[in-house]
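Engineer: This is protein20.cif (mmCIF, C-alpha atoms).
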```cif
data_work
#
loop_
_atom_site.label_atom_id
_atom_site.label_comp_id
_atom_site.auth_asym_id
_atom_site.auth_seq_id
_atom_site.Cartn_x
_atom_site.Cartn_y
_atom_site.Cartn_z
CA SER A 65 -34.49 -16.34 -64.98
CA SER A 66 -35.22 -13.62 -62.44
CA ILE A 67 -31.51 -13.30 -61.69
CA PHE A 68 -30.73 -12.94 -65.41
CA ILE A 69 -33.47 -10.31 -65.85
CA GLY A 70 -32.20 -8.44 -62.82
CA ARG A 71 -28.65 -8.36 -64.16
CA TRP A 72 -29.87 -7.26 -67.56
CA GLN A 73 -31.94 -4.44 -66.03
CA HIS A 74 -28.96 -3.35 -63.92
CA ARG A 75 -26.68 -3.35 -66.96
CA MET A 76 -29.16 -1.36 -69.06
CA PHE A 77 -29.70 1.10 -66.20
CA SER A 78 -25.94 1.55 -65.85
CA LYS A 79 -25.59 2.18 -69.59
CA THR A 80 -28.45 4.67 -69.52
CA ALA A 81 -26.93 6.44 -66.51
CA ASN A 82 -23.51 6.59 -68.17
CA SER A 83 -25.06 7.88 -71.38
CA ALA A 84 -26.96 10.55 -69.47
CA GLU A 85 -23.78 11.55 -67.64
CA ILE A 86 -21.83 11.82 -70.92
CA THR A 87 -24.63 13.87 -72.47
CA ALA A 88 -24.70 16.20 -69.46
CA LYS A 89 -20.92 16.71 -69.63
CA SER A 90 -21.13 17.34 -73.38
CA ASP A 91 -23.90 19.91 -72.89
CA LEU A 92 -21.91 21.62 -70.15
CA ARG A 93 -18.81 21.67 -72.37
CA ASN A 94 -20.79 23.14 -75.27
CA LYS A 95 -22.25 25.84 -73.00
CA GLY A 96 -18.76 26.66 -71.78
CA ASN A 97 -17.44 26.85 -75.34
CA PHE A 98 -20.35 29.10 -76.29
CA ILE A 99 -19.66 31.51 -73.42
CA ILE A 100 -15.93 31.60 -74.24
CA SER A 101 -16.75 32.26 -77.89
CA ILE A 102 -19.02 35.19 -77.01
CA VAL A 103 -16.46 36.78 -74.66
CA MET A 104 -13.60 36.32 -77.12
CA ALA A 105 -15.71 37.62 -80.01
CA TRP A 106 -16.43 40.79 -78.04
CA SER A 107 -12.73 41.39 -77.33
CA MET A 108 -11.80 40.54 -80.95
CA VAL A 109 -14.27 43.07 -82.37
CA TYR A 110 -13.21 45.66 -79.81
CA ALA A 111 -9.54 45.16 -80.68
CA VAL A 112 -9.98 45.90 -84.39
CA GLY A 113 -12.63 48.60 -83.99
CA SER A 114 -11.24 50.82 -81.25
CA ASP A 115 -8.72 53.62 -80.87
CA TRP A 116 -5.79 52.41 -78.77
CA THR A 117 -4.54 55.87 -77.84
CA VAL A 118 -4.99 57.19 -74.29
CA GLN A 119 -8.57 58.38 -73.75
CA ARG A 120 -9.45 61.57 -71.93
CA PRO A 121 -11.19 61.26 -68.52
CA ALA A 122 -14.98 61.04 -68.60
CA LEU A 123 -17.16 63.27 -66.46
CA PRO A 124 -17.80 63.20 -63.58
CA ASP A 125 -14.39 62.55 -62.03
CA ALA A 126 -13.85 59.32 -60.12
CA ARG A 127 -14.25 59.81 -56.37
CA SER A 128 -15.42 56.35 -55.29
CA LEU A 129 -15.29 52.74 -56.40
CA TRP A 130 -18.35 53.28 -58.60
CA GLY A 131 -16.67 56.35 -60.05
CA TYR A 132 -13.65 54.32 -61.09
CA VAL A 133 -15.88 51.62 -62.60
CA TYR A 134 -17.75 54.34 -64.50
CA GLN A 135 -14.48 55.80 -65.77
CA LEU A 136 -13.36 52.36 -66.95
CA LEU A 137 -16.62 51.67 -68.80
CA ALA A 138 -16.89 55.19 -70.24
CA ARG A 139 -13.30 55.36 -71.51
CA THR A 140 -13.47 51.86 -72.93
CA ALA A 141 -16.74 52.61 -74.74
CA SER A 142 -15.59 55.98 -76.06
CA ALA A 143 -12.57 54.34 -77.70
CA PHE A 144 -14.77 52.14 -79.90
CA THR A 145 -15.22 53.80 -83.30
CA MET A 146 -16.48 51.02 -85.59
CA GLU A 147 -19.85 51.33 -87.34
CA PRO A 148 -22.55 49.36 -85.43
CA LEU A 149 -23.63 47.29 -88.45
CA VAL A 150 -20.05 46.33 -89.30
CA ALA A 151 -19.38 45.50 -85.65
CA ALA A 152 -22.48 43.28 -85.47
CA VAL A 153 -21.53 41.31 -88.57
CA LEU A 154 -17.94 40.97 -87.39
CA PHE A 155 -19.12 39.86 -83.94
CA VAL A 156 -21.27 37.06 -85.34
CA ALA A 157 -18.49 35.92 -87.68
CA SER A 158 -15.79 35.95 -84.99
CA ALA A 159 -18.06 34.13 -82.47
CA TRP A 160 -18.78 31.44 -85.05
CA LEU A 161 -15.08 31.05 -85.92
CA MET A 162 -14.07 30.81 -82.26
CA TYR A 163 -16.82 28.28 -81.47
CA ARG A 164 -15.83 26.15 -84.45
CA LEU A 165 -12.23 26.22 -83.23
CA LEU A 166 -13.20 25.12 -79.71
CA THR A 167 -15.36 22.25 -81.05
CA PHE A 168 -12.88 21.22 -83.76
CA ASN A 169 -12.15 17.49 -83.64
CA ARG A 170 -8.43 18.16 -84.12
CA LYS A 171 -7.10 19.98 -81.07
CA LEU A 172 -4.22 22.37 -81.66
CA ALA A 173 -0.85 21.12 -80.46
CA PHE A 174 1.10 23.08 -77.87
CA VAL A 175 3.60 24.24 -80.50
CA GLU A 176 0.75 25.58 -82.68
CA VAL A 177 -0.85 27.39 -79.74
CA LEU A 178 2.51 28.88 -78.74
CA ALA A 179 3.32 29.96 -82.32
CA CYS A 180 -0.07 31.65 -82.76
CA GLY A 181 0.36 33.43 -79.44
CA ILE A 182 3.87 34.70 -80.23
CA VAL A 183 2.93 35.92 -83.72
CA GLY A 184 -0.24 37.51 -82.36
CA LEU A 185 1.62 39.29 -79.56
CA LEU A 186 4.30 40.65 -81.90
CA SER A 187 1.61 41.79 -84.34
CA PHE A 188 -0.26 43.48 -81.51
CA LEU A 189 2.83 45.37 -80.35
CA CYS A 190 3.53 46.55 -83.92
CA GLU A 191 -0.06 47.78 -84.34
CA PHE A 192 -0.04 49.43 -80.91
CA PHE A 193 3.18 51.26 -81.75
CA ARG A 194 1.73 52.31 -85.12
CA GLN A 195 -1.30 53.87 -83.46
CA THR A 196 0.32 55.44 -80.41
CA GLU A 197 3.96 55.86 -81.61
CA THR A 198 5.17 54.67 -78.20
CA LEU A 199 4.80 51.51 -76.13
CA THR A 200 4.88 53.52 -72.91
CA ALA A 201 1.23 54.40 -73.54
CA ILE A 202 0.34 50.90 -72.33
CA THR A 203 1.02 51.89 -68.72
CA SER A 204 0.06 55.57 -68.89
CA ASN A 205 -2.79 54.94 -66.42
CA ALA A 206 -4.79 52.04 -64.99
CA PHE A 207 -7.71 52.53 -67.40
CA GLN A 208 -5.39 52.46 -70.42
CA PHE A 209 -3.68 49.34 -69.10
CA ILE A 210 -6.99 47.46 -68.77
CA LYS A 211 -8.11 48.60 -72.21
CA THR A 212 -4.78 47.45 -73.63
CA LEU A 213 -5.21 44.00 -72.06
CA ILE A 214 -8.66 43.70 -73.68
CA CYS A 215 -7.29 44.75 -77.06
CA MET A 216 -4.31 42.41 -76.73
CA ALA A 217 -6.53 39.42 -75.89
CA GLY A 218 -8.81 40.19 -78.82
CA TRP A 219 -5.98 40.85 -81.27
CA ILE A 220 -4.20 37.61 -80.37
CA GLY A 221 -7.57 35.84 -80.43
CA TRP A 222 -7.90 36.43 -84.16
CA PHE A 223 -4.86 34.25 -84.86
CA TYR A 224 -6.32 31.09 -83.29
CA PRO A 225 -9.58 30.78 -85.27
CA GLY A 226 -7.70 32.03 -88.32
CA TYR A 227 -5.20 29.22 -87.99
CA GLY A 228 -7.99 26.74 -87.23
CA LEU A 229 -9.81 27.80 -90.39
CA PHE A 230 -6.53 27.43 -92.28
CA VAL A 231 -6.12 23.83 -91.05
CA ARG A 232 -9.76 22.92 -91.78
CA SER A 233 -9.42 24.35 -95.28
CA ILE A 234 -6.37 22.18 -95.89
CA GLN A 235 -8.33 19.10 -94.85
CA TRP A 236 -11.26 20.12 -97.06
CA ILE A 237 -8.99 20.59 -100.07
CA GLU A 238 -7.24 17.26 -99.61
CA GLU A 239 -10.52 15.34 -99.18
CA ARG A 240 -12.12 16.48 -102.44
CA VAL A 241 -12.62 13.63 -104.88
CA TRP A 242 -12.22 15.94 -107.88
CA LEU A 243 -8.89 17.29 -106.72
CA PRO A 244 -6.33 14.58 -107.68
CA ASN A 245 -6.41 15.09 -111.48
CA TRP A 246 -6.23 18.85 -111.13
CA GLN A 247 -3.59 18.55 -108.44
CA VAL A 248 -1.34 16.45 -110.68
CA GLU A 249 -1.46 19.10 -113.40
CA ALA A 250 -0.70 21.86 -110.89
CA GLU A 251 2.20 19.91 -109.40
CA LYS A 252 3.81 19.43 -112.83
CA HIS A 253 4.23 23.18 -113.24
CA TRP A 254 4.00 24.22 -109.60
CA PHE A 255 6.10 27.42 -109.83
CA TRP A 256 4.25 28.80 -112.86
CA PHE A 257 0.92 27.69 -111.42
CA ALA A 258 1.58 29.62 -108.19
CA PHE A 259 2.96 32.61 -110.10
CA THR A 260 -0.13 32.79 -112.36
CA VAL A 261 -2.58 32.45 -109.46
CA LEU A 262 -0.86 35.31 -107.62
CA ILE A 263 -1.02 37.61 -110.65
CA LEU A 264 -4.73 36.85 -111.18
CA LEU A 265 -5.59 37.44 -107.51
CA TRP A 266 -3.59 40.68 -107.42
CA LEU A 267 -4.98 41.98 -110.71
CA PRO A 268 -7.97 43.91 -109.23
CA HIS A 269 -5.62 45.79 -106.88
CA LEU A 270 -3.17 46.52 -109.69
CA ILE A 271 -5.93 47.95 -111.90
CA ALA A 272 -7.39 50.03 -109.06
CA LYS A 273 -4.00 51.47 -108.07
CA TYR A 274 -2.52 51.97 -111.55
CA PRO A 275 0.18 53.21 -112.10
CA GLY A 276 1.14 52.68 -108.47
CA VAL A 277 1.13 54.37 -105.06
CA PHE A 278 3.60 57.25 -104.77
CA ILE A 279 5.62 57.41 -101.57
CA TYR A 280 8.31 59.77 -100.34
CA ASP A 281 11.21 57.60 -101.49
CA LEU A 282 10.11 57.67 -105.13
CA ARG A 283 10.08 61.45 -105.36
CA GLU A 284 13.40 61.70 -103.52
CA ALA A 285 15.07 59.09 -105.75
CA MET A 286 13.77 60.67 -108.99
CA PHE A 287 15.13 64.09 -108.03
CA GLN A 288 18.47 62.60 -107.02
CA ALA A 289 18.70 60.63 -110.27
CA SER A 290 17.94 63.72 -112.35
CA GLY A 291 20.48 65.83 -110.45
CA LYS A 292 17.88 68.18 -108.97
CA TYR A 293 18.76 66.95 -105.47
CA ILE A 294 22.20 66.08 -104.14
CA ARG A 295 22.61 62.33 -103.82
CA THR A 296 22.60 61.14 -100.22
CA GLU A 297 23.26 57.82 -98.52
CA GLN A 298 19.59 57.49 -97.62
CA GLN A 299 18.80 56.29 -101.15
CA PRO A 300 20.78 53.27 -102.43
CA ILE A 301 22.71 54.23 -105.58
CA PHE A 302 21.55 51.23 -107.61
CA VAL A 303 17.87 51.74 -106.76
CA THR A 304 18.17 55.47 -107.44
CA LEU A 305 19.59 54.80 -110.91
CA LEU A 306 16.90 52.16 -111.53
CA ILE A 307 14.11 54.57 -110.62
CA GLY A 308 15.77 57.23 -112.74
CA LEU A 309 15.75 54.82 -115.70
CA PHE A 310 12.00 54.21 -115.45
CA ASN A 311 11.46 57.94 -115.04
CA ARG A 312 13.40 58.51 -118.28
CA ILE A 313 11.23 55.91 -120.03
CA GLY A 314 8.17 57.87 -118.97
CA GLN A 315 9.70 61.07 -120.29
CA TRP A 316 10.64 59.49 -123.62
CA SER A 317 7.11 58.14 -124.07
CA GLU A 318 5.68 61.56 -123.05
CA ASN A 319 3.54 59.76 -120.47
CA PRO A 320 5.12 59.50 -116.99
CA ASN A 321 2.52 56.88 -115.97
CA ILE A 322 4.14 54.39 -118.33
CA GLY A 323 7.41 54.62 -116.46
CA TYR A 324 5.69 54.27 -113.09
CA ALA A 325 3.61 51.33 -114.34
CA LEU A 326 6.72 49.53 -115.60
CA PHE A 327 8.40 50.05 -112.23
CA MET A 328 5.31 48.59 -110.54
CA ALA A 329 5.38 45.68 -113.02
CA LEU A 330 8.95 44.98 -111.91
CA HIS A 331 7.69 44.80 -108.32
CA VAL A 332 4.82 42.51 -109.32
CA ALA A 333 6.99 40.09 -111.25
CA GLY A 334 9.71 40.06 -108.60
CA LEU A 335 7.51 39.50 -105.54
CA ALA A 336 5.21 37.01 -107.30
CA ALA A 337 8.25 35.04 -108.46
CA VAL A 338 9.83 35.01 -105.00
CA LEU A 339 6.59 33.98 -103.27
CA ALA A 340 6.03 31.24 -105.86
CA TYR A 341 9.62 30.12 -105.37
CA SER A 342 9.12 29.98 -101.59
CA LEU A 343 6.23 27.58 -102.23
CA THR A 344 8.55 25.38 -104.30
CA ILE A 345 10.89 25.33 -101.30
CA LEU A 346 7.98 24.14 -99.14
CA ARG A 347 7.36 21.46 -101.75
CA LYS A 348 11.00 20.31 -101.48
CA LEU A 349 10.57 20.12 -97.72
CA GLY A 350 7.64 17.72 -98.18
CA LEU A 351 4.71 19.91 -97.17
CA SER A 352 1.35 18.74 -98.49
CA PHE A 353 -0.41 20.22 -101.50
CA GLY A 354 -3.26 21.45 -99.30
CA PHE A 355 -0.92 23.43 -97.05
CA ARG A 356 0.92 24.96 -100.01
CA PHE A 357 -2.31 25.82 -101.80
CA MET A 358 -3.77 27.53 -98.72
CA THR A 359 -0.51 29.47 -98.27
CA LEU A 360 -0.78 30.53 -101.91
CA LEU A 361 -4.30 31.84 -101.27
CA VAL A 362 -3.04 33.79 -98.25
CA TYR A 363 -0.35 35.38 -100.43
CA GLY A 364 -2.94 36.30 -103.03
CA ILE A 365 -5.85 37.44 -100.85
CA VAL A 366 -4.22 39.26 -97.91
CA PRO A 367 -3.88 42.90 -99.07
CA ALA A 368 -0.50 43.40 -97.40
CA TYR A 369 1.34 41.41 -100.08
CA VAL A 370 -0.12 43.20 -103.10
CA GLY A 371 0.22 46.45 -101.16
CA TRP A 372 3.99 46.06 -101.26
CA VAL A 373 4.10 45.74 -105.06
CA THR A 374 1.91 48.81 -105.62
CA ALA A 375 4.08 50.99 -103.34
CA LEU A 376 6.65 52.64 -105.58
CA GLY A 377 9.89 53.04 -103.64
CA LYS A 378 13.05 51.31 -102.50
CA ASP A 379 11.59 49.04 -99.80
CA THR A 380 9.82 46.51 -102.05
CA LEU A 381 12.98 45.57 -103.93
CA TYR A 382 14.79 44.97 -100.64
CA LEU A 383 11.83 42.88 -99.41
CA ILE A 384 12.01 40.72 -102.55
CA ALA A 385 15.73 40.05 -102.04
CA PHE A 386 15.22 39.36 -98.34
CA LEU A 387 12.38 36.86 -98.95
CA LEU A 388 14.52 35.11 -101.56
CA LEU A 389 17.34 34.76 -99.03
CA ALA A 390 14.91 33.61 -96.31
CA SER A 391 13.52 30.89 -98.60
CA GLU A 392 16.96 29.49 -99.31
CA MET A 393 17.94 29.68 -95.64
CA LEU A 394 14.78 27.72 -94.80
CA LEU A 395 15.89 24.95 -97.14
CA ALA A 396 19.47 25.06 -95.83
CA VAL A 397 18.33 24.69 -92.22
CA PHE A 398 15.71 21.95 -92.62
CA ASP A 399 17.24 19.99 -95.52
CA SER A 400 20.92 20.85 -95.78
CA ARG A 401 21.67 17.80 -97.94
CA THR A 402 19.29 18.94 -100.69
CA PHE A 403 20.57 22.51 -100.42
CA LEU A 404 24.27 21.59 -100.68
CA SER A 405 23.66 19.20 -103.58
CA SER A 406 21.87 21.83 -105.67
CA VAL A 407 24.03 24.29 -107.60
CA LYS A 408 20.95 26.39 -108.37
CA ASP A 409 20.02 26.83 -104.70
CA ILE A 410 23.56 27.77 -103.74
CA ALA A 411 23.73 30.27 -106.62
CA ILE A 412 20.39 31.83 -105.65
CA PHE A 413 21.62 32.02 -102.04
CA PHE A 414 24.62 34.16 -103.02
CA VAL A 415 22.69 36.19 -105.62
CA SER A 416 20.18 37.16 -102.94
CA HIS A 417 23.06 38.49 -100.81
CA LEU A 418 24.27 40.59 -103.73
CA LEU A 419 20.77 41.99 -104.26
CA LEU A 420 20.53 42.89 -100.57
CA ILE A 421 23.68 44.99 -100.91
CA LEU A 422 22.40 46.69 -104.06
CA PHE A 423 18.88 47.37 -102.78
CA ARG A 424 19.71 48.74 -99.33
CA ARG A 425 22.24 51.17 -97.96
CA ASN A 426 22.77 48.95 -94.89
CA GLY A 427 22.34 45.70 -96.83
CA VAL A 428 25.93 44.74 -96.01
CA GLY A 429 24.94 44.41 -92.35
CA THR A 430 22.16 42.00 -93.27
CA VAL A 431 24.59 39.96 -95.35
CA ILE A 432 27.08 39.77 -92.48
CA VAL A 433 24.41 38.52 -90.08
CA SER A 434 23.15 36.02 -92.66
CA MET A 435 26.58 34.58 -93.41
CA ALA A 436 27.41 34.38 -89.72
CA THR A 437 24.19 32.47 -89.13
#
```
Starting from the file, give its structure as structure tokens.
Structural biologist:
Amino acid sequence: SSIFIGRWQHRMFSKTANSAEITAKSDLRNKGNFIISIVMAWSMVYAVGSDWTVQRPALPDARSLWGYVYQLLARTASAFTMEPLVAAVLFVASAWLMYRLLTFNRKLAFVEVLACGIVGLLSFLCEFFRQTETLTAITSNAFQFIKTLICMAGWIGWFYPGYGLFVRSIQWIEERVWLPNWQVEAEKHWFWFAFTVLILLWLPHLIAKYPGVFIYDLREAMFQASGKYIRTEQQPIFVTLLIGLFNRIGQWSENPNIGYALFMALHVAGLAAVLAYSLTILRKLGLSFGFRFMTLLVYGIVPAYVGWVTALGKDTLYLIAFLLLASEMLLAVFDSRTFLSSVKDIAIFFVSHLLLILFRRNGVGTVIVSMAT
């Protein structure tokens, strides 16, 4: 009996010790995740709220190690231009998102981590070039280089919790008990469902920016179409004539805004249709309803997409044709059997090439590269 009690006490003590060890490791891991979240949240807020151009030296000049540290802190702080209240709210939100990502039960695969990093880096370089107009500003001095590294880490950092939130949202959608009946109805008319959702989500922007945002290309094309300017190769002939047609409609109705609004409506219908069609391609490739629905929300909520349709010029029409081609190429690469057996997909593939030529002066080059690929 005493031997049995002794073994039982030893076993219980071992279990208690193991449990305490696991709890201690879990607490240490949570503390580490919390610290990482705070540091990343700081760099993420700094990346979106600071001026990335080269900062002027702060006084006094650096003459010692402390002087260089002071210069680094002063220049980094002076570049931050975001309102304190907005920065505080954004800091709390980004720290929460990053912590949720680190404690997420589904760890990101290496391919997902690599993809987020590549997209984030390319996006950072585009934004840096937009602000500074040259990538050489990255290495203009040591202080600028360190500030750039902080901004790059923060900018890329946004893509990881964003993707994690995207994945969690997909799981949440697919686990809802009320979803199946509604999902079946949406799947029956998936293209028109996606098209309608996009129009409804874009509608506030379209009303606020009616009859559209004027850019340089629109004015240039209208004057070339009317004969006031000499036609140049900068403006595609087909797009110039198309813009001239909508300008004539505005003149006939004695309200130029009607012509501009109809041109914007063409953009809206074209881009919404192409984005909805790209989601039907994802459906053919077997992607889940949750993934497609979340992608649809990204198309509808992110301002960049609706910003393209409200910009009145030649670029949006080329973008529509290019996205149409990219959707068909996606199907051709990942499911060539379905692509080659569908007359509609093959026809759309060649029509998109024709539109590229019509909508861009150098569209022939894009077609050559596409056909070679």
Engineer: Which is closer to Pro148 in chain A than all the others in A:Pro367, A:Val109, A:Tyr132, A:Pro121, using only C-alpha atoms?
Structural biologist: A:Val109
Engineer: What is the distance between CA of Ile412 in chain A and CA of Val366 in chain A, in Å to one decimal?
Structural biologist: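 If I compute the distance from CA of Ile412 in chain A to CA of Val366 in chain A, I get 26.8 Å.
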Engineer: Please report the interatomic distance between CA of Trp160 in chain A and CA of Leu136 in chain A in Å with one decimal.
Structural biologist: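 Rounded to one decimal, the two atoms are 28.2 Å apart.
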Engineer: I want to know what sits within 7 Å of range 368-383 of chain A, based on only C-alpha atoms, with residues of the same chain fewer than 4 positions away left out; could you give that as a list in words?
Structural biologist: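 What passes the distance filter is Trp266, Leu270, Lys273, Gly276, Val277, Phe278, Ile279, Asp281, Leu282, Val303, Met328, His331, Val332, Tyr363, Leu387, Leu420, Phe423 and Arg424 of chain A.
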Engineer: For Leu349 in chain A, which residue out of A:Ala396, A:Ala390, A:Ile102, A:Leu326 is the nearest one, using all atoms listed in the file?
Structural biologist: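 Residue with the minimum atom-to-atom distance to Leu349 in chain A: A:Ala396.
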Engineer: Run through the PyMOL selection byres ((chain A and resi 355) around 12) on the given coordinates and return the selected residues as a tab-separated table (two decimals) with C-alpha atoms, keeping the file's coordinate frame.
Structural biologist:
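Heads up, here's the output in selection-v8.tsv:
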```tsv
chain	number	residue	atom	x	y	z
A	227	TYR	CA	-5.20	29.22	-87.99
A	229	LEU	CA	-9.81	27.80	-90.39
A	230	PHE	CA	-6.53	27.43	-92.28
A	231	VAL	CA	-6.12	23.83	-91.05
A	232	ARG	CA	-9.76	22.92	-91.78
A	233	SER	CA	-9.42	24.35	-95.28
A	234	ILE	CA	-6.37	22.18	-95.89
A	235	GLN	CA	-8.33	19.10	-94.85
A	236	TRP	CA	-11.26	20.12	-97.06
A	237	ILE	CA	-8.99	20.59	-100.07
A	238	GLU	CA	-7.24	17.26	-99.61
A	343	LEU	CA	6.23	27.58	-102.23
A	346	LEU	CA	7.98	24.14	-99.14
A	347	ARG	CA	7.36	21.46	-101.75
A	349	LEU	CA	10.57	20.12	-97.72
A	350	GLY	CA	7.64	17.72	-98.18
A	351	LEU	CA	4.71	19.91	-97.17
A	352	SER	CA	1.35	18.74	-98.49
A	353	PHE	CA	-0.41	20.22	-101.50
A	354	GLY	CA	-3.26	21.45	-99.30
A	356	ARG	CA	0.92	24.96	-100.01
A	357	PHE	CA	-2.31	25.82	-101.80
A	358	MET	CA	-3.77	27.53	-98.72
A	359	THR	CA	-0.51	29.47	-98.27
A	360	LEU	CA	-0.78	30.53	-101.91
A	361	LEU	CA	-4.30	31.84	-101.27
A	362	VAL	CA	-3.04	33.79	-98.25
```
Engineer: Can you translate the PyMOL selection byres ((chain A and resi 200-206) around 12) into the concrete residues it hits in this file, as a ChimeraX atom specification?
Structural biologist: /A:116-121,132-133,135-136,139-140,188-189,192-199,207-216
Engineer: By how many Å are CA of Asp409 in chain A and CA of Ala179 in chain A apart?
Structural biologist: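 Result for CA of Asp409 in chain A versus CA of Ala179 in chain A: 28.1 Å, one decimal.
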Engineer: Written as a short mmCIF file (atom, residue, chain, number, x, y, z; two decimals) with C-alpha atoms, in the coordinates of the input, what is the full residue list that the PyMOL selection byres ((chain A and resi 161) around 12) yields on the file shown?
Structural biologist:
```cif
data_model
loop_
_atom_site.label_atom_id
_atom_site.label_comp_id
_atom_site.auth_asym_id
_atom_site.auth_seq_id
_atom_site.Cartn_x
_atom_site.Cartn_y
_atom_site.Cartn_z
CA ASN A 97 -17.44 26.85 -75.34
CA PHE A 98 -20.35 29.10 -76.29
CA ILE A 100 -15.93 31.60 -74.24
CA SER A 101 -16.75 32.26 -77.89
CA ILE A 102 -19.02 35.19 -77.01
CA MET A 104 -13.60 36.32 -77.12
CA ALA A 105 -15.71 37.62 -80.01
CA MET A 108 -11.80 40.54 -80.95
CA LEU A 154 -17.94 40.97 -87.39
CA PHE A 155 -19.12 39.86 -83.94
CA VAL A 156 -21.27 37.06 -85.34
CA ALA A 157 -18.49 35.92 -87.68
CA SER A 158 -15.79 35.95 -84.99
CA ALA A 159 -18.06 34.13 -82.47
CA TRP A 160 -18.78 31.44 -85.05
CA MET A 162 -14.07 30.81 -82.26
CA TYR A 163 -16.82 28.28 -81.47
CA ARG A 164 -15.83 26.15 -84.45
CA LEU A 165 -12.23 26.22 -83.23
CA LEU A 166 -13.20 25.12 -79.71
CA THR A 167 -15.36 22.25 -81.05
CA PHE A 168 -12.88 21.22 -83.76
CA GLY A 221 -7.57 35.84 -80.43
CA TRP A 222 -7.90 36.43 -84.16
CA PHE A 223 -4.86 34.25 -84.86
CA TYR A 224 -6.32 31.09 -83.29
CA PRO A 225 -9.58 30.78 -85.27
CA GLY A 226 -7.70 32.03 -88.32
CA TYR A 227 -5.20 29.22 -87.99
CA GLY A 228 -7.99 26.74 -87.23
CA LEU A 229 -9.81 27.80 -90.39
CA PHE A 230 -6.53 27.43 -92.28
CA ARG A 232 -9.76 22.92 -91.78
#
```
Engineer: My list of candidates is A:Val103, A:Val177, A:Val261, A:Val183. Which is closest to Ile365 in chain A when distances are computed with all atoms listed in the file?
Structural biologist: A:Val261
